[in-house]
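File shown: entry17.cif. Contents: mmCIF, C-alpha atoms.
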data_input
#
loop_
_atom_site.label_atom_id
_atom_site.label_comp_id
_atom_site.auth_asym_id
_atom_site.auth_seq_id
_atom_site.Cartn_x
_atom_site.Cartn_y
_atom_site.Cartn_z
CA MET A 1 -45.84 139.20 64.44
CA GLU A 2 -44.92 140.04 60.83
CA ILE A 3 -46.13 137.70 58.08
CA TYR A 4 -44.12 137.44 54.82
CA SER A 5 -45.25 136.41 51.39
CA VAL A 6 -43.55 133.69 49.40
CA SER A 7 -42.16 136.24 46.99
CA GLN A 8 -40.71 138.24 49.87
CA VAL A 9 -38.96 135.19 51.27
CA ASN A 10 -37.57 134.21 47.90
CA GLY A 11 -36.46 137.78 47.28
CA TYR A 12 -34.75 137.92 50.67
CA LEU A 13 -32.94 134.66 50.00
CA LYS A 14 -31.81 135.96 46.62
CA GLN A 15 -30.40 139.07 48.28
CA GLN A 16 -28.52 136.93 50.79
CA PHE A 17 -27.09 134.70 48.06
CA ASP A 18 -26.11 137.65 45.91
CA ALA A 19 -24.45 139.41 48.85
CA ASP A 20 -22.27 136.40 49.72
CA PRO A 21 -18.84 136.95 48.06
CA VAL A 22 -18.14 133.20 48.01
CA LEU A 23 -21.30 132.44 46.05
CA SER A 24 -20.82 135.31 43.63
CA ALA A 25 -17.77 133.80 41.90
CA LEU A 26 -16.76 130.20 42.46
CA PHE A 27 -15.45 127.14 40.60
CA ILE A 28 -17.30 123.84 40.99
CA ARG A 29 -16.09 120.41 39.89
CA GLY A 30 -18.65 117.75 39.00
CA GLU A 31 -20.03 115.30 36.44
CA LEU A 32 -22.47 116.52 33.79
CA CYS A 33 -25.88 114.91 33.70
CA ASN A 34 -29.30 115.68 32.22
CA TYR A 35 -27.68 118.05 29.74
CA LYS A 36 -30.23 119.71 27.42
CA THR A 37 -30.09 122.51 24.88
CA TYR A 38 -33.30 124.43 24.28
CA PRO A 39 -34.36 126.22 21.08
CA SER A 40 -33.72 129.51 22.85
CA GLY A 41 -30.02 128.63 22.92
CA HIS A 42 -29.86 128.26 26.70
CA HIS A 43 -28.21 125.15 28.16
CA TYR A 44 -29.64 123.43 31.24
CA PHE A 45 -27.84 120.68 33.15
CA SER A 46 -26.83 119.38 36.55
CA LEU A 47 -23.49 118.86 38.21
CA LYS A 48 -23.25 115.87 40.48
CA ASP A 49 -20.79 113.97 42.62
CA GLU A 50 -21.15 111.10 45.00
CA GLY A 51 -22.85 113.34 47.60
CA GLY A 52 -25.37 115.38 45.67
CA SER A 53 -26.29 117.41 42.61
CA LEU A 54 -26.62 121.08 41.68
CA ARG A 55 -28.88 122.56 39.03
CA CYS A 56 -27.15 124.81 36.52
CA VAL A 57 -28.01 127.08 33.62
CA MET A 58 -25.77 128.60 30.95
CA PHE A 59 -27.37 131.32 28.88
CA ARG A 60 -27.00 131.52 25.10
CA ARG A 61 -24.37 134.27 25.13
CA GLU A 62 -22.03 132.31 27.41
CA ALA A 63 -22.82 128.97 25.69
CA ALA A 64 -21.69 130.42 22.35
CA GLY A 65 -18.14 130.53 23.74
CA LEU A 66 -17.91 126.76 24.42
CA ASN A 67 -15.01 125.13 22.60
CA PHE A 68 -16.31 121.58 23.07
CA ARG A 69 -19.61 119.73 23.01
CA PRO A 70 -20.77 118.96 26.53
CA GLN A 71 -22.08 115.44 26.99
CA ASN A 72 -23.53 113.55 29.89
CA GLY A 73 -20.88 111.79 31.92
CA MET A 74 -18.17 114.38 31.36
CA GLN A 75 -16.19 115.59 34.34
CA VAL A 76 -16.10 119.38 34.15
CA ILE A 77 -15.23 122.52 36.09
CA ALA A 78 -17.94 125.17 36.02
CA TYR A 79 -17.44 128.82 36.94
CA GLY A 80 -20.25 131.18 37.87
CA ARG A 81 -22.44 132.44 40.67
CA VAL A 82 -25.02 130.67 42.80
CA SER A 83 -28.29 132.53 43.24
CA VAL A 84 -31.99 131.93 43.82
CA PHE A 85 -34.59 131.96 41.07
CA PRO A 86 -37.43 133.86 42.82
CA ARG A 87 -40.25 132.34 40.82
CA ASP A 88 -39.79 128.79 42.18
CA GLY A 89 -37.49 129.49 45.13
CA GLN A 90 -34.77 127.08 43.93
CA TYR A 91 -31.14 127.98 43.84
CA GLN A 92 -28.90 127.14 40.90
CA LEU A 93 -25.54 127.91 39.40
CA TYR A 94 -25.57 130.59 36.72
CA CYS A 95 -22.63 129.25 34.75
CA SER A 96 -20.53 131.63 32.66
CA LYS A 97 -17.63 129.26 31.82
CA LEU A 98 -17.45 125.49 31.43
CA THR A 99 -14.22 123.54 31.04
CA ALA A 100 -13.90 119.80 30.38
CA GLU A 101 -11.72 118.13 32.99
CA GLY A 102 -12.18 114.44 32.38
CA LEU A 103 -14.70 111.64 32.00
CA GLY A 104 -17.06 110.33 34.63
CA ASP A 105 -17.11 106.68 35.66
CA LEU A 106 -19.99 105.76 33.39
CA HIS A 107 -18.50 107.48 30.40
CA LEU A 108 -15.13 105.91 31.05
CA ALA A 109 -16.73 102.47 31.20
CA PHE A 110 -18.52 103.23 27.94
CA GLU A 111 -15.26 104.17 26.19
CA GLN A 112 -13.48 101.09 27.50
CA MET A 113 -16.26 98.77 26.31
CA LYS A 114 -16.39 100.48 22.95
CA GLU A 115 -12.65 100.06 22.45
CA LYS A 116 -12.80 96.38 23.46
CA LEU A 117 -15.64 95.46 21.11
CA TYR A 118 -14.13 97.50 18.27
CA ARG A 119 -10.89 95.54 18.50
CA GLN A 120 -12.87 92.27 18.43
CA GLY A 121 -14.56 93.30 15.16
CA LEU A 122 -18.14 93.70 16.38
CA PHE A 123 -18.41 97.09 14.66
CA ALA A 124 -16.95 95.95 11.31
CA GLN A 125 -18.94 97.05 8.28
CA GLU A 126 -18.63 93.69 6.54
CA HIS A 127 -20.76 92.11 9.29
CA LYS A 128 -23.66 94.51 8.69
CA LYS A 129 -26.74 92.86 7.18
CA THR A 130 -28.90 94.44 4.49
CA LEU A 131 -32.32 95.54 5.67
CA PRO A 132 -35.34 94.17 3.79
CA ARG A 133 -37.00 96.69 1.51
CA TYR A 134 -40.54 95.55 2.22
CA PRO A 135 -40.58 93.73 5.60
CA GLU A 136 -43.56 91.50 6.30
CA HIS A 137 -42.88 90.75 9.98
CA ILE A 138 -41.23 93.23 12.38
CA VAL A 139 -40.30 92.53 16.00
CA LEU A 140 -40.16 95.36 18.56
CA ILE A 141 -37.98 94.71 21.61
CA THR A 142 -38.64 97.56 24.00
CA SER A 143 -40.69 98.61 26.99
CA PRO A 144 -44.43 98.02 26.49
CA VAL A 145 -45.20 101.36 28.17
CA GLY A 146 -44.04 104.83 27.32
CA ALA A 147 -44.04 107.12 24.34
CA ALA A 148 -41.32 105.29 22.40
CA VAL A 149 -43.28 102.11 21.66
CA GLN A 150 -46.44 104.08 20.90
CA ASP A 151 -44.57 106.27 18.43
CA MET A 152 -43.09 103.24 16.68
CA LEU A 153 -46.44 101.45 16.43
CA ARG A 154 -48.17 104.56 15.16
CA ILE A 155 -45.56 105.29 12.48
CA LEU A 156 -45.26 101.67 11.35
CA GLY A 157 -49.04 101.40 11.02
CA ALA A 158 -49.30 104.64 9.07
CA ARG A 159 -46.37 104.02 6.73
CA TRP A 160 -46.63 100.27 6.08
CA PRO A 161 -49.79 98.60 7.46
CA LEU A 162 -48.98 95.40 5.53
CA ALA A 163 -46.30 94.48 8.08
CA ARG A 164 -47.17 92.26 11.04
CA ILE A 165 -45.82 93.65 14.32
CA THR A 166 -44.75 91.48 17.26
CA LEU A 167 -43.89 93.22 20.54
CA LEU A 168 -41.51 91.47 22.94
CA PRO A 169 -41.84 93.49 26.17
CA VAL A 170 -38.63 93.99 28.16
CA ARG A 171 -37.30 96.33 30.77
CA VAL A 172 -35.04 98.99 29.27
CA GLN A 173 -33.66 100.38 32.52
CA GLY A 174 -32.24 98.85 35.66
CA GLU A 175 -29.98 95.97 36.56
CA GLN A 176 -32.03 93.24 34.80
CA ALA A 177 -32.73 95.22 31.63
CA ALA A 178 -29.63 94.15 29.67
CA GLY A 179 -30.29 90.45 30.32
CA GLU A 180 -33.92 90.72 29.22
CA ILE A 181 -33.02 92.58 26.02
CA ALA A 182 -30.35 90.01 25.10
CA GLN A 183 -32.69 87.11 25.88
CA ALA A 184 -35.46 88.64 23.73
CA LEU A 185 -33.04 89.03 20.81
CA ARG A 186 -31.99 85.37 21.05
CA TRP A 187 -35.59 84.19 21.44
CA ALA A 188 -36.74 86.15 18.37
CA ASN A 189 -34.00 84.55 16.27
CA ALA A 190 -34.84 81.06 17.49
CA ASN A 191 -38.64 81.18 17.39
CA LEU A 192 -39.86 83.89 15.02
CA ARG A 193 -39.68 84.05 11.24
CA ALA A 194 -39.15 87.81 11.33
CA ASP A 195 -37.65 90.10 8.70
CA LEU A 196 -36.48 92.89 11.01
CA ILE A 197 -35.91 93.70 14.68
CA LEU A 198 -36.20 97.16 16.24
CA THR A 199 -34.80 97.56 19.74
CA GLY A 200 -34.39 100.69 21.84
CA ARG A 201 -36.03 103.14 24.17
CA GLY A 202 -36.69 106.83 24.62
CA GLY A 203 -34.19 109.38 25.83
CA GLY A 204 -32.70 109.67 29.28
CA SER A 205 -29.49 110.18 31.20
CA MET A 206 -26.44 108.04 30.63
CA GLU A 207 -27.46 105.91 33.60
CA ASP A 208 -30.88 105.35 32.01
CA LEU A 209 -29.32 104.15 28.73
CA MET A 210 -26.71 101.86 30.32
CA ALA A 211 -28.61 98.66 29.44
CA PHE A 212 -27.76 99.29 25.75
CA ASN A 213 -24.07 99.74 26.63
CA GLU A 214 -23.75 96.28 28.17
CA GLU A 215 -21.61 93.65 26.44
CA ILE A 216 -24.34 91.00 26.65
CA VAL A 217 -26.69 93.15 24.54
CA ALA A 218 -23.94 94.01 22.04
CA ARG A 219 -23.10 90.34 21.47
CA ALA A 220 -26.77 89.37 21.14
CA ILE A 221 -27.20 92.00 18.41
CA TYR A 222 -24.00 90.84 16.70
CA ASP A 223 -25.12 87.18 16.75
CA SER A 224 -28.61 87.98 15.42
CA LYS A 225 -29.38 86.45 12.02
CA ILE A 226 -32.24 88.93 11.66
CA PRO A 227 -31.22 92.52 10.78
CA VAL A 228 -31.37 94.84 13.78
CA ILE A 229 -32.07 98.58 13.96
CA SER A 230 -30.92 100.28 17.15
CA ALA A 231 -33.16 103.14 18.31
CA VAL A 232 -31.93 104.43 21.64
CA GLY A 233 -32.63 107.85 23.09
CA HIS A 234 -32.48 111.13 21.25
CA GLU A 235 -30.23 112.09 18.35
CA PRO A 236 -27.17 113.11 20.44
CA ASP A 237 -27.34 109.89 22.48
CA VAL A 238 -24.95 107.16 21.33
CA THR A 239 -24.75 103.64 22.78
CA ILE A 240 -22.73 100.49 22.14
CA ALA A 241 -25.85 98.95 20.59
CA ASP A 242 -25.76 101.67 17.92
CA PHE A 243 -22.27 100.63 16.81
CA VAL A 244 -23.09 96.90 16.62
CA ALA A 245 -26.54 97.14 15.01
CA ASP A 246 -26.98 96.89 11.27
CA LEU A 247 -28.44 100.40 11.28
CA ARG A 248 -28.52 103.15 13.86
CA ALA A 249 -31.60 105.37 14.13
CA ALA A 250 -31.52 108.76 15.82
CA THR A 251 -34.75 108.10 17.73
CA PRO A 252 -37.38 105.34 18.03
CA SER A 253 -39.61 107.31 15.66
CA ASN A 254 -36.77 107.57 13.16
CA ALA A 255 -36.23 103.80 13.46
CA ALA A 256 -39.83 103.16 12.43
CA GLU A 257 -39.38 105.49 9.45
CA LEU A 258 -36.20 103.73 8.36
CA ALA A 259 -37.66 100.25 8.83
CA VAL A 260 -40.49 100.44 6.31
CA PRO A 261 -41.32 102.35 3.12
CA ASP A 262 -43.99 105.01 3.07
CA GLN A 263 -47.11 103.56 1.48
CA ASN A 264 -48.19 107.01 0.28
CA ALA A 265 -44.86 107.57 -1.46
CA LEU A 266 -45.09 104.07 -2.95
CA TYR A 267 -48.62 104.75 -4.22
CA GLU A 268 -47.36 107.97 -5.76
CA LEU A 269 -44.44 106.16 -7.38
CA LEU A 270 -46.75 103.47 -8.75
CA GLY A 271 -49.00 106.17 -10.14
CA GLN A 272 -46.05 107.84 -11.85
CA LEU A 273 -44.90 104.54 -13.30
CA ALA A 274 -48.43 103.79 -14.52
CA GLN A 275 -48.54 107.18 -16.25
CA ARG A 276 -45.14 106.61 -17.84
CA LEU A 277 -46.28 103.16 -19.04
CA ARG A 278 -49.49 104.62 -20.43
CA ARG A 279 -47.62 107.35 -22.30
CA ALA A 280 -45.13 104.83 -23.65
CA MET A 281 -47.93 102.58 -24.91
CA GLU A 282 -49.67 105.56 -26.50
CA ARG A 283 -46.45 106.53 -28.28
CA GLN A 284 -46.03 102.98 -29.54
CA LEU A 285 -49.63 102.83 -30.79
CA THR A 286 -49.25 106.21 -32.52
CA ALA A 287 -46.05 105.06 -34.20
CA ARG A 288 -47.69 101.82 -35.36
CA ARG A 289 -50.73 103.71 -36.72
CA ASP A 290 -48.48 106.11 -38.63
CA ARG A 291 -46.52 103.21 -40.07
CA LEU A 292 -49.73 101.43 -41.09
CA LYS A 293 -50.96 104.58 -42.82
CA ARG A 294 -47.68 104.89 -44.71
CA LEU A 295 -47.94 101.27 -45.80
CA GLU A 296 -51.53 101.75 -46.91
CA ALA A 297 -50.46 104.73 -49.01
CA SER A 298 -47.46 102.99 -50.55
CA ARG A 299 -47.35 101.95 -54.25
CA VAL A 300 -47.04 98.29 -53.30
CA MET A 301 -50.40 98.31 -51.56
CA ALA A 302 -51.95 100.29 -54.46
CA GLY A 303 -50.94 97.58 -56.99
CA PRO A 304 -49.28 94.26 -56.15
CA THR A 305 -47.54 94.16 -59.58
CA VAL A 306 -45.73 97.42 -58.88
CA PHE A 307 -43.31 95.56 -56.68
CA LEU A 308 -42.48 93.10 -59.49
CA GLN A 309 -42.10 95.94 -61.98
CA ASP A 310 -39.69 97.75 -59.70
CA ARG A 311 -37.70 94.57 -59.27
CA ARG A 312 -37.63 94.02 -63.07
CA LEU A 313 -36.28 97.51 -63.56
CA GLN A 314 -33.65 96.85 -60.93
CA LEU A 315 -32.76 93.54 -62.62
CA ASP A 316 -32.37 95.26 -66.00
CA PHE A 317 -30.26 97.95 -64.41
CA TYR A 318 -27.91 95.46 -62.76
CA GLN A 319 -27.82 93.31 -65.93
CA ASN A 320 -26.75 96.32 -68.03
CA ARG A 321 -24.15 97.25 -65.45
CA MET A 322 -22.81 93.69 -65.45
CA ALA A 323 -22.65 93.56 -69.27
CA ALA A 324 -20.92 96.92 -69.42
CA GLY A 325 -18.45 95.76 -66.83
CA LEU A 326 -17.74 92.57 -68.76
CA ARG A 327 -17.27 94.52 -72.01
CA GLN A 328 -14.95 96.94 -70.31
CA SER A 329 -12.97 94.10 -68.75
CA LEU A 330 -12.81 92.22 -72.09
CA GLY A 331 -11.63 95.33 -73.94
CA GLU A 332 -8.98 95.97 -71.35
CA ASN A 333 -7.74 92.37 -71.61
CA GLN A 334 -7.69 92.58 -75.44
CA ARG A 335 -5.61 95.74 -75.28
CA ARG A 336 -3.22 94.09 -72.88
CA LEU A 337 -2.98 91.00 -75.16
CA ALA A 338 -2.24 93.12 -78.23
CA ALA A 339 0.50 94.95 -76.33
CA LYS A 340 2.07 91.68 -75.21
CA ALA A 341 1.81 90.22 -78.76
CA ALA A 342 3.46 93.31 -80.25
CA ALA A 343 6.28 93.08 -77.76
CA LEU A 344 6.67 89.37 -78.46
CA ASP A 345 6.57 89.92 -82.23
CA ALA A 346 9.27 92.56 -81.95
CA MET A 347 11.51 90.02 -80.30
CA SER A 348 10.71 87.19 -82.86
CA PRO A 349 13.61 85.75 -84.94
CA LEU A 350 11.29 85.87 -87.96
CA LYS A 351 11.55 89.63 -87.90
CA VAL A 352 15.36 89.26 -88.27
CA LEU A 353 14.94 86.85 -91.19
CA GLY A 354 12.66 89.35 -92.88
CA ARG A 355 15.51 91.80 -93.09
CA GLY A 356 17.60 89.36 -95.26
CA TYR A 357 19.27 87.29 -92.62
CA SER A 358 19.17 83.49 -92.43
CA ILE A 359 19.74 80.81 -89.77
CA ALA A 360 21.77 77.63 -90.33
CA GLN A 361 20.42 74.64 -88.39
CA ARG A 362 21.62 71.08 -88.18
CA LYS A 363 19.26 68.18 -88.75
CA ASP A 364 18.64 67.96 -85.00
CA GLY A 365 17.59 71.61 -85.01
CA ALA A 366 20.71 72.99 -83.32
CA VAL A 367 21.79 76.39 -84.66
CA LEU A 368 25.21 76.63 -86.34
CA SER A 369 26.74 79.75 -84.91
CA SER A 370 30.37 79.10 -85.94
CA VAL A 371 32.30 77.69 -88.94
CA ALA A 372 34.08 75.38 -86.60
CA GLN A 373 30.83 73.55 -85.94
CA ALA A 374 30.59 72.42 -89.62
CA ALA A 375 32.38 69.50 -91.31
CA PRO A 376 32.67 68.49 -95.01
CA ASP A 377 29.65 66.64 -96.35
CA MET A 378 27.59 67.70 -93.25
CA LYS A 379 24.00 68.41 -94.16
CA PHE A 380 22.06 71.32 -92.62
CA ASN A 381 19.08 73.52 -93.32
CA LEU A 382 19.25 77.19 -94.13
CA ARG A 383 16.23 78.94 -92.59
CA LEU A 384 14.96 81.90 -94.60
CA VAL A 385 11.99 84.16 -94.10
CA ASP A 386 9.73 82.13 -96.37
CA GLY A 387 11.07 78.62 -95.82
CA SER A 388 14.17 76.39 -95.50
CA LEU A 389 16.82 75.27 -98.01
CA PRO A 390 18.62 71.91 -97.57
CA CYS A 391 22.38 72.39 -97.88
CA ARG A 392 25.57 70.33 -97.67
CA VAL A 393 29.11 71.41 -96.79
CA GLU A 394 31.47 70.70 -99.77
CA THR A 395 34.96 71.83 -98.98
CA GLU A 396 36.87 74.17 -96.78
CA ASP A 397 38.00 77.43 -98.43
CA LYS A 398 41.55 78.76 -98.27
CA ASN A 399 40.60 81.21 -95.54
CA GLY A 400 39.57 78.40 -93.24
CA GLY A 401 35.86 78.68 -93.98
CA LYS A 402 33.51 76.03 -95.30
CA LYS A 403 31.73 76.04 -98.66
CA ALA A 404 28.25 74.75 -98.96
CA GLU A 405 26.13 73.75 -101.88
CA LEU A 406 22.36 73.62 -102.14
#

Would you mind writing the file's structure down as structure tokens?
Amino acid sequence: MEIYSVSQVNGYLKQQFDADPVLSALFIRGELCNYKTYPSGHHYFSLKDEGGSLRCVMFRREAAGLNFRPQNGMQVIAYGRVSVFPRDGQYQLYCSKLTAEGLGDLHLAFEQMKEKLYRQGLFAQEHKKTLPRYPEHIVLITSPVGAAVQDMLRILGARWPLARITLLPVRVQGEQAAGEIAQALRWANANLRADLILTGRGGGSMEDLMAFNEEIVARAIYDSKIPVISAVGHEPDVTIADFVADLRAATPSNAAELAVPDQNALYELLGQLAQRLRRAMERQLTARRDRLKRLEASRVMAGPTVFLQDRRLQLDFYQNRMAAGLRQSLGENQRRLAAKAAALDAMSPLKVLGRGYSIAQRKDGAVLSSVAQAAPDMKFNLRLVDGSLPCRVETEDKNGGKKAEL
């Protein structure tokens, strides 16, 4: 009887798989689940249908040719070969091509719920509440066991130990999980004076995260008067709760970082502000000392009467300027008056009389400008340059004129 080693059996099975022409090149239809990308660039996932699942691997070179981003729940067609991995004796599909065919049932339900709640306004930005900058009381609604809650407690305690943490334990997976999460959200709003709520869980498949895709949870988050941060799964995972929450965190750890400030950064900021305040005060004190020294050295402080002397000199200066201005203005007005008087004198009737002319005026002062205005025996005055002569009209001459006598 021949006895075989484990490696021999696995090697034999690999030879059988590799020799089968059907298994060397085949197309397989299924739904993606447990999809993970490793730092090496290799992609690991499973294909499943209602009857079973098949482990698959796509190496970095083939994965670089993907024209879409594979996500859990997608219905795809994978092409490759099925072979045995000798180290652990498990067979898997070595996928060389992956084509999206459609959405699985869970993903389809997710898209339908998302579209429904979007149309009803649950995702609207105007309904988002502002998160408190320095929360005093934080409520965690998550599973009491697991790495997620421990990470959040550790980060919250390290970053902001002033905050009081209340944990409301709920199931985050299974049929009753959604109801418990929604009930905890409503209870926190009704009974706790909290500043912030963090709800979520660690990563998992789409089935594992389904509680946070339920409508009852979405509406409880929307109705919450306390701001809510959704922290579900890993960074690529997206749930309905993420869209409704006031803030979406990539992971539970990231939610704790976003919820509170970092006390070390705040201490550093306070230290910088204290230094800036100290430097500003020192500058002010230096400026005041310099000003005091200048005042001490000023002439006013050397002799109190110097100030009065300076003001007397200023007063004399302005008085002289005012007097000079008045003299200038008076001279200008005198020159203008002389010019006006000369012009008026040039137009005076006395100037005409000075050249040998005279003016005949009646007793009422009216000027006789025509012979026709005179009558015999009419008395009038003859205005000369140095006085007036009383006259009387005697007779009318032969030329029609009037003769007067003094």

task = Pull out every residue that the PyMOL selection byres ((chain A and resi 170) around 9) matches in the shown coordinates and put them as number ranges by chain.
result = A: 141-144, 168-169, 171-172, 177, 180-181, 184

Write the residues of the selection above to a file with C-alpha atoms, as an mmCIF file, in the frame of the given file.
data_model
loop_
_atom_site.group_PDB
_atom_site.id
_atom_site.type_symbol
_atom_site.label_atom_id
_atom_site.label_comp_id
_atom_site.auth_asym_id
_atom_site.auth_seq_id
_atom_site.Cartn_x
_atom_site.Cartn_y
_atom_site.Cartn_z
ATOM 1 C CA ILE A 141 -37.980 94.710 21.610
ATOM 2 C CA THR A 142 -38.640 97.560 24.000
ATOM 3 C CA SER A 143 -40.690 98.610 26.990
ATOM 4 C CA PRO A 144 -44.430 98.020 26.490
ATOM 5 C CA LEU A 168 -41.510 91.470 22.940
ATOM 6 C CA PRO A 169 -41.840 93.490 26.170
ATOM 7 C CA ARG A 171 -37.300 96.330 30.770
ATOM 8 C CA VAL A 172 -35.040 98.990 29.270
ATOM 9 C CA ALA A 177 -32.730 95.220 31.630
ATOM 10 C CA GLU A 180 -33.920 90.720 29.220
ATOM 11 C CA ILE A 181 -33.020 92.580 26.020
ATOM 12 C CA ALA A 184 -35.460 88.640 23.730
#

message = Would you pick out the contacts of range 53-65 of chain A at 9 Å or less, using only C-alpha atoms, so that residues sharing its chain but fewer than 5 positions from it are not included, and give the list as a ChimeraX atom specification?
response = /A:30,40-48,82,90-98

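Taken over the shown file, the PyMOL selection byres ((chain A and resi 151-158) around 7) identifies Ala147, Ala148, Val149, Gln150, Arg159, Trp160, Pro161, Pro252, Ser253, Ala256 and Glu257 of chain A.
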
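For the pair CA of Gly204 in chain A and CA of Lys128 in chain A, the interatomic distance is 27.1 Å.
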
inquiry  = Which residues, named as in the file, does the PyMOL selection byres ((chain A and resi 34) around 7) pick out? Answer as a count of residues only.
reply    = 7

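The coordinates place CA of Ala250 in chain A at 20.4 Å from CA of Leu167 in chain A.
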
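Comparing the minimum interatomic distances between Thr37 in chain A and each of A:Pro236, A:Ile226, A:Ala100, A:Asn189, counting only C-alpha atoms, we find that A:Pro236 sits nearest.
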
inquiry  = Nearest residue to Arg193 in chain A out of A:Val139, A:Ala287, A:Leu162, A:Ile240, using all atoms listed in the file?
reply    = A:Val139

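The interatomic distance for the pair CA of Ala274 in chain A and CA of Leu131 in chain A works out to 27.1 Å.
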
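Among the candidates A:Ile216, A:Ile77, A:Ala255, A:Ala25, the one nearest to Ser230 in chain A when counting only C-alpha atoms is A:Ala255.
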
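Counting all atoms listed in the file and comparing A:Lys340, A:Gln173, A:Ser358, A:Leu308, the residue that lies closest to Ser388 in chain A is A:Ser358.
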
8 Å contact set for Ile229 in chain A, all atoms listed in the file, chain neighbours under 3 positions out, as a VMD selection string = chain A and resid 196 to 199 245 to 249 255 259

How would the residues just chosen look if you wrote them out with C-alpha atoms as an mmCIF file, in the frame of the given file?
data_model
loop_
_atom_site.group_PDB
_atom_site.id
_atom_site.type_symbol
_atom_site.label_atom_id
_atom_site.label_comp_id
_atom_site.auth_asym_id
_atom_site.auth_seq_id
_atom_site.Cartn_x
_atom_site.Cartn_y
_atom_site.Cartn_z
ATOM 1 C CA LEU A 196 -36.480 92.890 11.010
ATOM 2 C CA ILE A 197 -35.910 93.700 14.680
ATOM 3 C CA LEU A 198 -36.200 97.160 16.240
ATOM 4 C CA THR A 199 -34.800 97.560 19.740
ATOM 5 C CA ALA A 245 -26.540 97.140 15.010
ATOM 6 C CA ASP A 246 -26.980 96.890 11.270
ATOM 7 C CA LEU A 247 -28.440 100.400 11.280
ATOM 8 C CA ARG A 248 -28.520 103.150 13.860
ATOM 9 C CA ALA A 249 -31.600 105.370 14.130
ATOM 10 C CA ALA A 255 -36.230 103.800 13.460
ATOM 11 C CA ALA A 259 -37.660 100.250 8.830
#

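Near Asp18 in chain A, within 10 Å and counting only C-alpha atoms, sit Tyr12, Leu13, Lys14, Gln15, Pro21, Val22, Leu23, Ser24, Arg81, Val82, Ser83 and Val84 of chain A; same-chain residues fewer than 3 positions away were not included.
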
Range 74-87 of chain A, all listed atoms, 8 Å padding on each side: what axis-aligned box centre and edge lengths in Å to one decimal come out, as lines of an AutoDock Vina configuration file?
center_x = -27.7
center_y = 124.1
center_z = 37.6
size_x = 41.0
size_y = 35.5
size_z = 28.5

ask   = For Val228 in chain A, which of A:Leu273, A:Leu292, A:Leu140, A:Ala374 is the closest residue, counting all atoms listed in the file?
value = A:Leu140

Will you model N, CA and C atoms for range 230-241 of chain A and pass it back as a PDB file, keeping the file's coordinate frame?
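Wrote result_1.pdb, looks like this:
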ATOM      1  N   SER A 230     -31.032  99.771  15.786  1.00  0.00           N
ATOM      2  CA  SER A 230     -30.920 100.280  17.150  1.00  0.00           C
ATOM      3  C   SER A 230     -31.548 101.664  17.215  1.00  0.00           C
ATOM      4  N   ALA A 231     -32.451 101.863  18.177  1.00  0.00           N
ATOM      5  CA  ALA A 231     -33.160 103.140  18.310  1.00  0.00           C
ATOM      6  C   ALA A 231     -33.182 103.526  19.779  1.00  0.00           C
ATOM      7  N   VAL A 232     -32.096 104.139  20.219  1.00  0.00           N
ATOM      8  CA  VAL A 232     -31.930 104.430  21.640  1.00  0.00           C
ATOM      9  C   VAL A 232     -31.834 105.932  21.847  1.00  0.00           C
ATOM     10  N   GLY A 233     -32.745 106.468  22.657  1.00  0.00           N
ATOM     11  CA  GLY A 233     -32.630 107.850  23.090  1.00  0.00           C
ATOM     12  C   GLY A 233     -32.935 108.861  22.022  1.00  0.00           C
ATOM     13  N   HIS A 234     -32.344 110.039  22.198  1.00  0.00           N
ATOM     14  CA  HIS A 234     -32.480 111.130  21.250  1.00  0.00           C
ATOM     15  C   HIS A 234     -31.270 111.147  20.326  1.00  0.00           C
ATOM     16  N   GLU A 235     -31.282 112.069  19.379  1.00  0.00           N
ATOM     17  CA  GLU A 235     -30.230 112.090  18.350  1.00  0.00           C
ATOM     18  C   GLU A 235     -28.822 112.206  18.926  1.00  0.00           C
ATOM     19  N   PRO A 236     -28.551 113.041  19.942  1.00  0.00           N
ATOM     20  CA  PRO A 236     -27.170 113.110  20.440  1.00  0.00           C
ATOM     21  C   PRO A 236     -26.741 111.863  21.214  1.00  0.00           C
ATOM     22  N   ASP A 237     -27.688 111.059  21.678  1.00  0.00           N
ATOM     23  CA  ASP A 237     -27.340 109.890  22.480  1.00  0.00           C
ATOM     24  C   ASP A 237     -26.734 108.800  21.602  1.00  0.00           C
ATOM     25  N   VAL A 238     -25.620 108.242  22.059  1.00  0.00           N
ATOM     26  CA  VAL A 238     -24.950 107.160  21.330  1.00  0.00           C
ATOM     27  C   VAL A 238     -24.657 106.039  22.320  1.00  0.00           C
ATOM     28  N   THR A 239     -24.991 104.797  21.929  1.00  0.00           N
ATOM     29  CA  THR A 239     -24.750 103.640  22.780  1.00  0.00           C
ATOM     30  C   THR A 239     -23.945 102.586  22.027  1.00  0.00           C
ATOM     31  N   ILE A 240     -23.460 101.600  22.759  1.00  0.00           N
ATOM     32  CA  ILE A 240     -22.730 100.490  22.140  1.00  0.00           C
ATOM     33  C   ILE A 240     -23.631  99.750  21.158  1.00  0.00           C
ATOM     34  N   ALA A 241     -24.912  99.628  21.485  1.00  0.00           N
ATOM     35  CA  ALA A 241     -25.850  98.950  20.590  1.00  0.00           C
ATOM     36  C   ALA A 241     -25.902  99.622  19.226  1.00  0.00           C
TER      37      ALA A 241
END
